[in-house]
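Shown next: entry-v8.pdb, containing PDB, C-alpha atoms.
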```pdb
ATOM      1  CA  MET A 197     -56.274 -12.171  79.361
ATOM      2  CA  MET A 198     -56.848 -11.579  75.722
ATOM      3  CA  ASP A 199     -54.549 -12.370  72.866
ATOM      4  CA  GLU A 200     -54.025  -9.777  70.206
ATOM      5  CA  VAL A 201     -56.996  -8.922  68.074
ATOM      6  CA  LYS A 202     -56.336  -8.163  64.446
ATOM      7  CA  ARG A 203     -55.915  -4.522  63.537
ATOM      8  CA  GLY A 204     -55.756  -2.767  60.241
ATOM      9  CA  PHE A 205     -58.935  -3.670  58.427
ATOM     10  CA  GLU A 206     -59.428  -1.993  55.139
ATOM     11  CA  LEU A 207     -62.995  -1.162  54.302
ATOM     12  CA  VAL A 208     -64.264   0.257  51.029
ATOM     13  CA  GLY A 209     -67.564   1.823  50.035
ATOM     14  CA  ILE A 210     -69.192  -0.338  47.358
ATOM     15  CA  GLY A 211     -72.096   2.007  46.727
ATOM     16  CA  ARG A 212     -74.630   4.123  48.471
ATOM     17  CA  VAL A 213     -78.231   4.450  49.486
ATOM     18  CA  GLU A 214     -80.300   6.627  47.188
ATOM     19  CA  LYS A 215     -83.713   7.750  48.322
ATOM     20  CA  ARG A 216     -85.638   9.543  45.588
ATOM     21  CA  GLY A 217     -89.181  10.114  46.721
ATOM     22  CA  GLU A 218     -90.919   6.759  46.789
ATOM     23  CA  ARG A 219     -88.025   4.899  45.248
ATOM     24  CA  VAL A 220     -85.342   3.560  47.500
ATOM     25  CA  GLY A 221     -82.274   2.224  45.796
ATOM     26  CA  VAL A 222     -78.984   0.692  46.768
ATOM     27  CA  LYS A 223     -76.693   1.888  44.033
ATOM     28  CA  ILE A 224     -73.613  -0.233  43.518
ATOM     29  CA  LEU A 225     -70.503   1.284  41.982
ATOM     30  CA  ASP A 226     -69.864   0.164  38.416
ATOM     31  CA  LYS A 227     -66.693  -1.648  39.367
ATOM     32  CA  TYR A 228     -68.621  -3.944  41.734
ATOM     33  CA  ARG A 229     -71.787  -4.351  39.694
ATOM     34  CA  GLU A 230     -70.961  -7.861  38.520
ATOM     35  CA  GLY A 231     -71.304  -8.956  42.129
ATOM     36  CA  LEU A 232     -75.080  -8.545  41.842
ATOM     37  CA  LYS A 233     -75.427 -11.386  39.371
ATOM     38  CA  GLY A 234     -78.058 -13.797  40.615
ATOM     39  CA  LEU A 235     -79.461 -11.556  43.340
ATOM     40  CA  GLU A 236     -82.735 -11.317  41.418
ATOM     41  CA  ALA A 237     -83.495 -14.898  42.502
ATOM     42  CA  PHE A 238     -83.878 -13.692  46.081
ATOM     43  CA  SER A 239     -86.878 -11.888  47.508
ATOM     44  CA  HIS A 240     -84.897 -10.296  50.328
ATOM     45  CA  ALA A 241     -81.370  -9.163  51.017
ATOM     46  CA  TRP A 242     -79.307  -7.783  53.846
ATOM     47  CA  VAL A 243     -77.758  -4.421  53.256
ATOM     48  CA  LEU A 244     -74.772  -3.457  55.378
ATOM     49  CA  TYR A 245     -74.059   0.229  55.465
ATOM     50  CA  TRP A 246     -72.122   2.786  57.447
ATOM     51  CA  PHE A 247     -73.726   5.134  59.973
ATOM     52  CA  ASP A 248     -71.971   8.081  58.351
ATOM     53  CA  LYS A 249     -73.642  10.722  60.446
ATOM     54  CA  ASN A 250     -72.207   9.305  63.652
ATOM     55  CA  ASP A 251     -68.653   8.941  62.451
ATOM     56  CA  ARG A 252     -67.084  10.695  65.393
ATOM     57  CA  GLN A 253     -65.037   9.079  68.108
ATOM     58  CA  ALA A 254     -67.444  10.259  70.811
ATOM     59  CA  GLU A 255     -70.264   8.297  69.199
ATOM     60  CA  ARG A 256     -68.090   5.254  68.702
ATOM     61  CA  ASP A 257     -67.051   5.290  72.340
ATOM     62  CA  LYS A 258     -70.626   5.043  73.583
ATOM     63  CA  LEU A 259     -71.342   1.606  74.996
ATOM     64  CA  LEU A 260     -74.661   2.215  76.757
ATOM     65  CA  VAL A 261     -77.771   3.806  75.303
ATOM     66  CA  HIS A 262     -81.502   3.983  75.758
ATOM     67  CA  PRO A 263     -82.744   1.815  72.878
ATOM     68  CA  ARG A 264     -84.656   3.677  70.206
ATOM     69  CA  GLY A 265     -83.766   6.937  71.914
ATOM     70  CA  ASP A 266     -86.575   6.325  74.391
ATOM     71  CA  ARG A 267     -85.490   7.117  77.915
ATOM     72  CA  SER A 268     -88.150   4.806  79.289
ATOM     73  CA  ASN A 269     -86.102   1.935  77.853
ATOM     74  CA  PRO A 270     -83.417   0.949  80.361
ATOM     75  CA  LEU A 271     -79.774   1.674  79.612
ATOM     76  CA  THR A 272     -78.647  -1.119  77.347
ATOM     77  CA  GLY A 273     -75.357  -2.111  75.807
ATOM     78  CA  VAL A 274     -74.883  -1.208  72.169
ATOM     79  CA  PHE A 275     -74.379  -4.910  71.397
ATOM     80  CA  ALA A 276     -77.849  -5.581  72.808
ATOM     81  CA  CYS A 277     -79.582  -3.090  70.561
ATOM     82  CA  ARG A 278     -79.336  -1.745  67.055
ATOM     83  CA  ALA A 279     -78.389   1.809  67.929
ATOM     84  CA  PRO A 280     -76.462   3.707  65.245
ATOM     85  CA  VAL A 281     -73.694   4.382  67.735
ATOM     86  CA  ARG A 282     -71.285   1.529  68.367
ATOM     87  CA  PRO A 283     -67.554   0.870  68.022
ATOM     88  CA  ASN A 284     -67.946  -0.084  64.378
ATOM     89  CA  LEU A 285     -70.653   1.970  62.709
ATOM     90  CA  ILE A 286     -72.082  -0.888  60.687
ATOM     91  CA  GLY A 287     -75.824  -0.907  60.076
ATOM     92  CA  LEU A 288     -77.676  -4.056  59.065
ATOM     93  CA  SER A 289     -81.096  -3.929  57.426
ATOM     94  CA  LEU A 290     -83.243  -6.617  55.907
ATOM     95  CA  CYS A 291     -84.711  -5.304  52.657
ATOM     96  CA  GLU A 292     -87.235  -6.572  50.194
ATOM     97  CA  VAL A 293     -85.665  -6.755  46.732
ATOM     98  CA  VAL A 294     -88.178  -5.058  44.464
ATOM     99  CA  SER A 295     -86.150  -4.954  41.266
ATOM    100  CA  ILE A 296     -82.618  -4.695  40.031
ATOM    101  CA  GLU A 297     -81.967  -2.200  37.274
ATOM    102  CA  GLY A 298     -78.417  -1.856  36.097
ATOM    103  CA  GLY A 299     -76.365  -1.332  39.197
ATOM    104  CA  VAL A 300     -79.279  -0.310  41.409
ATOM    105  CA  VAL A 301     -81.083  -2.667  43.745
ATOM    106  CA  TYR A 302     -84.475  -1.145  44.437
ATOM    107  CA  VAL A 303     -85.708  -2.136  47.847
ATOM    108  CA  GLY A 304     -88.976  -1.858  49.739
ATOM    109  CA  ASP A 305     -87.301   0.425  52.219
ATOM    110  CA  ILE A 306     -84.161   0.685  54.267
ATOM    111  CA  ASP A 307     -83.575   2.151  57.674
ATOM    112  CA  ALA A 308     -80.648   4.267  56.454
ATOM    113  CA  PHE A 309     -80.256   7.859  55.403
ATOM    114  CA  ASP A 310     -79.998   8.904  51.793
ATOM    115  CA  GLY A 311     -76.357   8.930  50.829
ATOM    116  CA  SER A 312     -75.194   6.353  53.362
ATOM    117  CA  ALA A 313     -72.199   4.390  52.173
ATOM    118  CA  VAL A 314     -72.999   0.763  51.437
ATOM    119  CA  LEU A 315     -70.504  -1.889  52.536
ATOM    120  CA  ASP A 316     -72.063  -5.161  51.474
ATOM    121  CA  VAL A 317     -75.168  -6.857  50.149
ATOM    122  CA  LYS A 318     -75.953 -10.433  51.131
ATOM    123  CA  PRO A 319     -78.935 -12.560  50.188
ATOM    124  CA  TYR A 320     -81.448 -13.527  52.861
ATOM    125  CA  ILE A 321     -81.282 -17.284  53.279
ATOM    126  CA  PRO A 322     -83.955 -18.530  55.690
ATOM    127  CA  ALA A 323     -82.140 -21.785  56.428
ATOM    128  CA  THR A 324     -79.471 -19.871  58.313
ATOM    129  CA  ASP A 325     -80.928 -16.370  58.806
ATOM    130  CA  ARG A 326     -84.190 -17.267  60.475
ATOM    131  CA  ALA A 327     -84.050 -18.275  64.113
ATOM    132  CA  SER A 328     -85.774 -21.530  64.824
ATOM    133  CA  GLY A 329     -87.241 -22.636  68.098
ATOM    134  CA  ALA A 330     -88.201 -20.222  70.833
ATOM    135  CA  VAL A 331     -87.099 -16.671  70.219
ATOM    136  CA  ARG A 332     -86.726 -14.310  73.155
ATOM    137  CA  VAL A 333     -86.152 -10.572  72.948
ATOM    138  CA  ALA A 334     -85.797  -7.774  75.460
ATOM    139  CA  ASP A 335     -88.968  -5.910  76.324
ATOM    140  CA  TYR A 336     -87.991  -2.886  74.260
ATOM    141  CA  ALA A 337     -87.827  -5.077  71.134
ATOM    142  CA  ALA A 338     -91.112  -6.936  71.608
ATOM    143  CA  GLU A 339     -93.538  -6.688  68.733
ATOM    144  CA  ARG A 340     -96.515  -4.604  69.623
ATOM    145  CA  GLY A 341     -99.865  -5.930  68.486
TER     146      GLY A 341
ATOM    147  CA  MET B1482     -72.709   8.478  36.918
ATOM    148  CA  MET B1483     -72.017   8.045  40.560
ATOM    149  CA  ASP B1484     -71.337  10.690  43.117
ATOM    150  CA  GLU B1485     -68.473  10.183  45.482
ATOM    151  CA  VAL B1486     -68.756   7.341  47.904
ATOM    152  CA  LYS B1487     -67.281   7.873  51.325
ATOM    153  CA  ARG B1488     -63.754   6.606  51.870
ATOM    154  CA  GLY B1489     -61.684   6.199  54.942
ATOM    155  CA  PHE B1490     -63.677   3.984  57.245
ATOM    156  CA  GLU B1491     -61.975   3.039  60.436
ATOM    157  CA  LEU B1492     -62.751  -0.419  61.658
ATOM    158  CA  VAL B1493     -61.638  -1.927  64.943
ATOM    159  CA  GLY B1494     -61.614  -5.465  66.260
ATOM    160  CA  ILE B1495     -63.890  -5.677  69.305
ATOM    161  CA  GLY B1496     -63.063  -9.272  70.141
ATOM    162  CA  ARG B1497     -62.588 -12.642  68.574
ATOM    163  CA  VAL B1498     -64.089 -16.029  68.049
ATOM    164  CA  GLU B1499     -62.802 -18.683  70.425
ATOM    165  CA  LYS B1500     -63.528 -22.304  69.691
ATOM    166  CA  ARG B1501     -62.446 -24.600  72.496
ATOM    167  CA  GLY B1502     -63.719 -28.091  71.829
ATOM    168  CA  GLU B1503     -67.461 -28.053  72.283
ATOM    169  CA  ARG B1504     -67.575 -24.489  73.534
ATOM    170  CA  VAL B1505     -67.841 -21.704  71.050
ATOM    171  CA  GLY B1506     -67.381 -18.242  72.420
ATOM    172  CA  VAL B1507     -67.363 -14.708  71.153
ATOM    173  CA  LYS B1508     -64.885 -13.019  73.424
ATOM    174  CA  ILE B1509     -65.295  -9.285  73.690
ATOM    175  CA  LEU B1510     -62.319  -7.142  74.651
ATOM    176  CA  ASP B1511     -62.532  -5.751  78.170
ATOM    177  CA  LYS B1512     -62.822  -2.187  76.964
ATOM    178  CA  TYR B1513     -66.037  -3.012  75.090
ATOM    179  CA  ARG B1514     -67.550  -5.426  77.562
ATOM    180  CA  GLU B1515     -70.106  -2.964  78.893
ATOM    181  CA  GLY B1516     -71.714  -3.058  75.459
ATOM    182  CA  LEU B1517     -73.037  -6.545  76.224
ATOM    183  CA  LYS B1518     -75.352  -5.301  78.963
ATOM    184  CA  GLY B1519     -78.846  -6.591  78.282
ATOM    185  CA  LEU B1520     -77.894  -9.100  75.607
ATOM    186  CA  GLU B1521     -78.900 -11.930  77.926
ATOM    187  CA  ALA B1522     -82.563 -11.017  77.261
ATOM    188  CA  PHE B1523     -82.159 -12.213  73.675
ATOM    189  CA  SER B1524     -82.145 -15.814  72.530
ATOM    190  CA  HIS B1525     -80.222 -15.054  69.345
ATOM    191  CA  ALA B1526     -77.714 -12.535  68.084
ATOM    192  CA  TRP B1527     -75.941 -11.619  64.892
ATOM    193  CA  VAL B1528     -72.195 -11.779  64.992
ATOM    194  CA  LEU B1529     -70.285  -9.792  62.418
ATOM    195  CA  TYR B1530     -66.722 -10.894  61.921
ATOM    196  CA  TRP B1531     -63.865 -10.551  59.471
ATOM    197  CA  PHE B1532     -62.886 -13.277  57.019
ATOM    198  CA  ASP B1533     -59.263 -12.967  58.127
ATOM    199  CA  LYS B1534     -57.994 -15.859  56.082
ATOM    200  CA  ASN B1535     -59.024 -14.193  52.835
ATOM    201  CA  ASP B1536     -57.560 -10.796  53.564
ATOM    202  CA  ARG B1537     -55.695 -10.485  50.294
ATOM    203  CA  GLN B1538     -56.577  -8.160  47.474
ATOM    204  CA  ALA B1539     -57.000 -11.044  45.029
ATOM    205  CA  GLU B1540     -59.794 -12.471  47.185
ATOM    206  CA  ARG B1541     -61.409  -9.089  47.621
ATOM    207  CA  ASP B1542     -61.412  -8.499  43.891
ATOM    208  CA  LYS B1543     -63.442 -11.642  43.167
ATOM    209  CA  LEU B1544     -66.985 -10.778  42.171
ATOM    210  CA  LEU B1545     -68.196 -14.131  40.823
ATOM    211  CA  VAL B1546     -68.005 -17.480  42.558
ATOM    212  CA  HIS B1547     -69.641 -20.876  42.596
ATOM    213  CA  PRO B1548     -71.709 -20.718  45.789
ATOM    214  CA  ARG B1549     -70.580 -23.037  48.528
ATOM    215  CA  GLY B1550     -67.545 -23.933  46.460
ATOM    216  CA  ASP B1551     -69.698 -26.322  44.452
ATOM    217  CA  ARG B1552     -68.983 -26.040  40.756
ATOM    218  CA  SER B1553     -72.426 -27.408  39.954
ATOM    219  CA  ASN B1554     -73.824 -24.146  41.329
ATOM    220  CA  PRO B1555     -73.810 -21.522  38.571
ATOM    221  CA  LEU B1556     -71.393 -18.607  38.750
ATOM    222  CA  THR B1557     -73.016 -16.110  41.059
ATOM    223  CA  GLY B1558     -72.180 -12.625  42.215
ATOM    224  CA  VAL B1559     -70.683 -12.340  45.659
ATOM    225  CA  PHE B1560     -73.604 -10.085  46.670
ATOM    226  CA  ALA B1561     -75.967 -12.945  45.803
ATOM    227  CA  CYS B1562     -74.258 -15.453  48.039
ATOM    228  CA  ARG B1563     -72.474 -15.587  51.360
ATOM    229  CA  ALA B1564     -69.031 -16.483  50.081
ATOM    230  CA  PRO B1565     -66.110 -15.454  52.313
ATOM    231  CA  VAL B1566     -64.604 -13.538  49.412
ATOM    232  CA  ARG B1567     -66.094 -10.121  48.683
ATOM    233  CA  PRO B1568     -64.930  -6.503  48.571
ATOM    234  CA  ASN B1569     -65.448  -6.115  52.316
ATOM    235  CA  LEU B1570     -64.647  -9.312  54.170
ATOM    236  CA  ILE B1571     -67.526  -9.063  56.597
ATOM    237  CA  GLY B1572     -69.165 -12.283  57.697
ATOM    238  CA  LEU B1573     -72.642 -12.370  59.219
ATOM    239  CA  SER B1574     -73.863 -15.293  61.300
ATOM    240  CA  LEU B1575     -76.998 -15.792  63.308
ATOM    241  CA  CYS B1576     -76.068 -17.420  66.596
ATOM    242  CA  GLU B1577     -77.991 -18.846  69.485
ATOM    243  CA  VAL B1578     -76.962 -17.100  72.696
ATOM    244  CA  VAL B1579     -76.307 -19.907  75.150
ATOM    245  CA  SER B1580     -74.846 -17.906  78.019
ATOM    246  CA  ILE B1581     -72.847 -14.816  78.733
ATOM    247  CA  GLU B1582     -69.975 -15.183  81.168
ATOM    248  CA  GLY B1583     -67.899 -12.135  81.790
ATOM    249  CA  GLY B1584     -66.932 -10.845  78.418
ATOM    250  CA  VAL B1585     -67.653 -14.057  76.556
ATOM    251  CA  VAL B1586     -70.871 -14.734  74.694
ATOM    252  CA  TYR B1587     -71.170 -18.485  74.348
ATOM    253  CA  VAL B1588     -73.070 -19.381  71.229
ATOM    254  CA  GLY B1589     -74.577 -22.546  69.786
ATOM    255  CA  ASP B1590     -72.152 -22.357  66.920
ATOM    256  CA  ILE B1591     -70.761 -19.889  64.449
ATOM    257  CA  ASP B1592     -69.668 -20.336  60.865
ATOM    258  CA  ALA B1593     -66.311 -18.658  61.505
ATOM    259  CA  PHE B1594     -62.822 -19.908  62.194
ATOM    260  CA  ASP B1595     -61.288 -19.870  65.644
ATOM    261  CA  GLY B1596     -59.474 -16.593  66.087
ATOM    262  CA  SER B1597     -61.565 -14.581  63.641
ATOM    263  CA  ALA B1598     -61.767 -10.933  64.573
ATOM    264  CA  VAL B1599     -65.229  -9.866  65.709
ATOM    265  CA  LEU B1600     -66.573  -6.525  64.504
ATOM    266  CA  ASP B1601     -70.014  -6.269  66.034
ATOM    267  CA  VAL B1602     -72.735  -8.092  67.905
ATOM    268  CA  LYS B1603     -76.378  -7.199  67.347
ATOM    269  CA  PRO B1604     -79.482  -8.739  68.855
ATOM    270  CA  TYR B1605     -81.841 -10.721  66.639
ATOM    271  CA  ILE B1606     -85.121  -8.838  66.514
ATOM    272  CA  PRO B1607     -87.778 -10.805  64.614
ATOM    273  CA  ALA B1608     -89.904  -7.738  63.904
ATOM    274  CA  THR B1609     -87.265  -6.451  61.510
ATOM    275  CA  ASP B1610     -84.922  -9.415  60.942
ATOM    276  CA  ARG B1611     -87.437 -12.009  59.822
ATOM    277  CA  ALA B1612     -88.741 -11.715  56.276
ATOM    278  CA  SER B1613     -92.508 -11.740  56.096
ATOM    279  CA  GLY B1614     -94.597 -12.778  53.135
ATOM    280  CA  ALA B1615     -93.281 -14.985  50.387
ATOM    281  CA  VAL B1616     -89.578 -15.644  50.557
ATOM    282  CA  ARG B1617     -87.737 -16.687  47.406
ATOM    283  CA  VAL B1618     -84.173 -17.903  47.235
ATOM    284  CA  ALA B1619     -81.872 -19.109  44.480
ATOM    285  CA  ASP B1620     -81.816 -22.856  43.888
ATOM    286  CA  TYR B1621     -78.434 -23.240  45.542
ATOM    287  CA  ALA B1622     -79.837 -21.807  48.778
ATOM    288  CA  ALA B1623     -83.031 -23.854  48.920
ATOM    289  CA  GLU B1624     -83.543 -25.849  52.073
ATOM    290  CA  ARG B1625     -83.202 -29.525  51.419
ATOM    291  CA  GLY B1626     -85.781 -31.693  53.102
TER     292      GLY B1626
END
```

Give the structure from the file, written as structure tokens.
Amino acid sequence: MMDEVKRGFELVGIGRVEKRGERVGVKILDKYREGLKGLEAFSHAWVLYWFDKNDRQAERDKLLVHPRGDRSNPLTGVFACRAPVRPNLIGLSLCEVVSIEGGVVYVGDIDAFDGSAVLDVKPYIPATDRASGAVRVADYAAERG
Amino acid sequence: MMDEVKRGFELVGIGRVEKRGERVGVKILDKYREGLKGLEAFSHAWVLYWFDKNDRQAERDKLLVHPRGDRSNPLTGVFACRAPVRPNLIGLSLCEVVSIEGGVVYVGDIDAFDGSAVLDVKPYIPATDRASGAVRVADYAAERG
């Protein structure tokens, strides 16, 4: 039994990813630019963006995938991997903040396509964003030496 | 100059936060439950949720706040803090995965109110989610010893 879950979320694009050769920027719309104030104090930030290219119901209905598109990885739920298909097409990438120039946050890199709509930027705060204690991951996500 | 940013995102609630005394659960709707397959291999997960209580335009228009509601913290852009007011009311919390029972992911805790709509669950993958090298944060976000 499940009570009602809220419906009717309104989401807006606050900017977009701009990849220009070596430079990777997160360009924030002028109307939201003030929201960047103080971000320069942080070395890293989370960028939340939309997986535009998969914005079809068929992709959003997928609940099981082979992580990283590798069929040798066992079928895994979309909530147990970072696949760009999921009910809500929200991508989450940790980025190094290289510089902020006007409304553009230049980042080390971002695992998003040029032109992707940006939904949010949040600072990386180790006190709450870094797992402490023993960290376990599925085999597909293990770091390879 | 800014090219068009995508509009018309459709967001759905995939579940909700359930706080019952000591137990804190992220209850996933039955229709999405299959997406949890394999999450048990991870010790930690990100939960993305909606700041329901602030879902008013006035709160979404705020771009500057005193972080943590503490007026001794300088006015800071919402993209440089984790305030629950921002253009898109998406909250992001790192949670310890305690157990998964049916469609409920029991977590150590989550910085969200009971009943908050859940938008996504993603596994914590240190290789990409943990900042390497020197990490800088604003004074307000410094860990206190």

**Report entry** Top pick for closest residue to Pro1568 of chain B, considering A:Lys227, A:Arg256, A:Arg264, A:Arg219 and counting all atoms listed in the file
**Finding:**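 Once distances to Pro1568 of chain B are computed over all atoms listed in the file, the minimum belongs to A:Lys227.
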
Query raised in the report: Which residues match the PyMOL selection byres ((chain A) within 8 of (chain B)) in the file above, as a VMD selection string?
Result: chain A and resid 198 201 to 212 225 228 230 to 235 237 to 240 259 to 260 272 to 278 283 to 284 286 289 to 290 313 315 to 321 323 to 327 330 to 334 337 to 339

Query raised in the report: So how many Å separate atom CA of Asp1551 of chain B and atom CA of Val293 of chain A, to one decimal?
Result: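 Computed distance, atom CA of Asp1551 of chain B to atom CA of Val293 of chain A, equals 25.4 Å.
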
Query - atom CA of Asp310 of chain A to atom CA of Val213 of chain A, straight-line distance in Å - result: 5.3 Å

Once chain A has been least-squares superposed onto chain B, matching all their Cα atoms in order, can you return it as a compact mmCIF listing (two decimals) with C-alpha atoms, in the coordinates of the input?
```txt
# COMPACT_ATOMS: atom_id res chain seq x y z
CA MET A 197 -72.81 8.58 36.92
CA MET A 198 -72.05 8.10 40.54
CA ASP A 199 -71.30 10.73 43.11
CA GLU A 200 -68.42 10.19 45.44
CA VAL A 201 -68.73 7.36 47.89
CA LYS A 202 -67.26 7.88 51.31
CA ARG A 203 -63.74 6.62 51.85
CA GLY A 204 -61.67 6.21 54.93
CA PHE A 205 -63.67 3.99 57.24
CA GLU A 206 -61.97 3.04 60.41
CA LEU A 207 -62.75 -0.41 61.66
CA VAL A 208 -61.63 -1.92 64.95
CA GLY A 209 -61.62 -5.48 66.25
CA ILE A 210 -63.90 -5.67 69.30
CA GLY A 211 -63.07 -9.27 70.12
CA ARG A 212 -62.61 -12.64 68.58
CA VAL A 213 -64.10 -16.04 68.04
CA GLU A 214 -62.82 -18.69 70.42
CA LYS A 215 -63.54 -22.31 69.67
CA ARG A 216 -62.47 -24.62 72.49
CA GLY A 217 -63.74 -28.10 71.81
CA GLU A 218 -67.49 -28.06 72.26
CA ARG A 219 -67.59 -24.51 73.54
CA VAL A 220 -67.86 -21.71 71.06
CA GLY A 221 -67.40 -18.24 72.43
CA VAL A 222 -67.38 -14.71 71.14
CA LYS A 223 -64.90 -13.03 73.43
CA ILE A 224 -65.29 -9.29 73.69
CA LEU A 225 -62.33 -7.14 74.65
CA ASP A 226 -62.53 -5.75 78.17
CA LYS A 227 -62.81 -2.20 76.95
CA TYR A 228 -66.03 -3.01 75.07
CA ARG A 229 -67.55 -5.43 77.55
CA GLU A 230 -70.10 -2.96 78.89
CA GLY A 231 -71.72 -3.05 75.46
CA LEU A 232 -73.04 -6.54 76.23
CA LYS A 233 -75.35 -5.31 78.96
CA GLY A 234 -78.85 -6.59 78.29
CA LEU A 235 -77.89 -9.10 75.61
CA GLU A 236 -78.91 -11.93 77.94
CA ALA A 237 -82.55 -11.01 77.27
CA PHE A 238 -82.16 -12.21 73.69
CA SER A 239 -82.14 -15.81 72.54
CA HIS A 240 -80.22 -15.05 69.35
CA ALA A 241 -77.71 -12.54 68.09
CA TRP A 242 -75.95 -11.61 64.90
CA VAL A 243 -72.20 -11.78 64.99
CA LEU A 244 -70.29 -9.78 62.41
CA TYR A 245 -66.73 -10.89 61.92
CA TRP A 246 -63.87 -10.55 59.48
CA PHE A 247 -62.89 -13.27 57.02
CA ASP A 248 -59.27 -12.98 58.13
CA LYS A 249 -58.00 -15.86 56.07
CA ASN A 250 -59.03 -14.20 52.83
CA ASP A 251 -57.57 -10.81 53.56
CA ARG A 252 -55.72 -10.49 50.29
CA GLN A 253 -56.58 -8.16 47.46
CA ALA A 254 -57.01 -11.06 45.03
CA GLU A 255 -59.80 -12.48 47.17
CA ARG A 256 -61.41 -9.10 47.61
CA ASP A 257 -61.41 -8.51 43.88
CA LYS A 258 -63.43 -11.64 43.16
CA LEU A 259 -66.97 -10.77 42.15
CA LEU A 260 -68.19 -14.12 40.82
CA VAL A 261 -68.01 -17.48 42.55
CA HIS A 262 -69.62 -20.88 42.60
CA PRO A 263 -71.70 -20.72 45.80
CA ARG A 264 -70.56 -23.05 48.54
CA GLY A 265 -67.53 -23.94 46.46
CA ASP A 266 -69.69 -26.33 44.45
CA ARG A 267 -68.98 -26.04 40.76
CA SER A 268 -72.42 -27.40 39.96
CA ASN A 269 -73.81 -24.14 41.34
CA PRO A 270 -73.79 -21.52 38.57
CA LEU A 271 -71.39 -18.60 38.75
CA THR A 272 -73.02 -16.11 41.06
CA GLY A 273 -72.18 -12.62 42.21
CA VAL A 274 -70.67 -12.33 45.66
CA PHE A 275 -73.59 -10.08 46.66
CA ALA A 276 -75.96 -12.94 45.80
CA CYS A 277 -74.25 -15.44 48.05
CA ARG A 278 -72.47 -15.57 51.37
CA ALA A 279 -69.03 -16.47 50.08
CA PRO A 280 -66.12 -15.45 52.31
CA VAL A 281 -64.60 -13.54 49.41
CA ARG A 282 -66.10 -10.13 48.69
CA PRO A 283 -64.93 -6.51 48.58
CA ASN A 284 -65.45 -6.11 52.31
CA LEU A 285 -64.64 -9.31 54.16
CA ILE A 286 -67.53 -9.06 56.58
CA GLY A 287 -69.17 -12.29 57.70
CA LEU A 288 -72.65 -12.36 59.22
CA SER A 289 -73.87 -15.29 61.30
CA LEU A 290 -77.00 -15.79 63.31
CA CYS A 291 -76.07 -17.42 66.62
CA GLU A 292 -78.00 -18.84 69.50
CA VAL A 293 -76.97 -17.09 72.71
CA VAL A 294 -76.31 -19.91 75.16
CA SER A 295 -74.85 -17.91 78.03
CA ILE A 296 -72.84 -14.82 78.74
CA GLU A 297 -69.97 -15.19 81.16
CA GLY A 298 -67.89 -12.13 81.81
CA GLY A 299 -66.92 -10.83 78.42
CA VAL A 300 -67.65 -14.06 76.55
CA VAL A 301 -70.87 -14.73 74.69
CA TYR A 302 -71.18 -18.49 74.35
CA VAL A 303 -73.08 -19.39 71.24
CA GLY A 304 -74.59 -22.55 69.80
CA ASP A 305 -72.16 -22.35 66.93
CA ILE A 306 -70.78 -19.89 64.45
CA ASP A 307 -69.69 -20.34 60.89
CA ALA A 308 -66.32 -18.66 61.51
CA PHE A 309 -62.84 -19.91 62.20
CA ASP A 310 -61.31 -19.88 65.64
CA GLY A 311 -59.49 -16.61 66.09
CA SER A 312 -61.58 -14.59 63.64
CA ALA A 313 -61.77 -10.93 64.57
CA VAL A 314 -65.23 -9.87 65.70
CA LEU A 315 -66.57 -6.53 64.50
CA ASP A 316 -70.01 -6.27 66.03
CA VAL A 317 -72.74 -8.10 67.91
CA LYS A 318 -76.37 -7.19 67.34
CA PRO A 319 -79.47 -8.74 68.86
CA TYR A 320 -81.84 -10.71 66.65
CA ILE A 321 -85.12 -8.84 66.52
CA PRO A 322 -87.77 -10.81 64.62
CA ALA A 323 -89.91 -7.74 63.91
CA THR A 324 -87.26 -6.45 61.52
CA ASP A 325 -84.92 -9.42 60.94
CA ARG A 326 -87.43 -12.00 59.82
CA ALA A 327 -88.75 -11.71 56.29
CA SER A 328 -92.49 -11.76 56.10
CA GLY A 329 -94.59 -12.80 53.16
CA ALA A 330 -93.28 -15.00 50.39
CA VAL A 331 -89.57 -15.65 50.55
CA ARG A 332 -87.73 -16.67 47.41
CA VAL A 333 -84.15 -17.91 47.22
CA ALA A 334 -81.87 -19.12 44.46
CA ASP A 335 -81.80 -22.85 43.89
CA TYR A 336 -78.41 -23.24 45.54
CA ALA A 337 -79.83 -21.81 48.79
CA ALA A 338 -83.03 -23.86 48.93
CA GLU A 339 -83.53 -25.87 52.08
CA ARG A 340 -83.17 -29.54 51.44
CA GLY A 341 -85.71 -31.77 53.13
```

Report task. Kindly give the distance, in Å, that separates atom CA of Pro1548 of chain B and atom CA of Gly298 of chain A, rounded to a single decimal. Result -> 22.2 Å
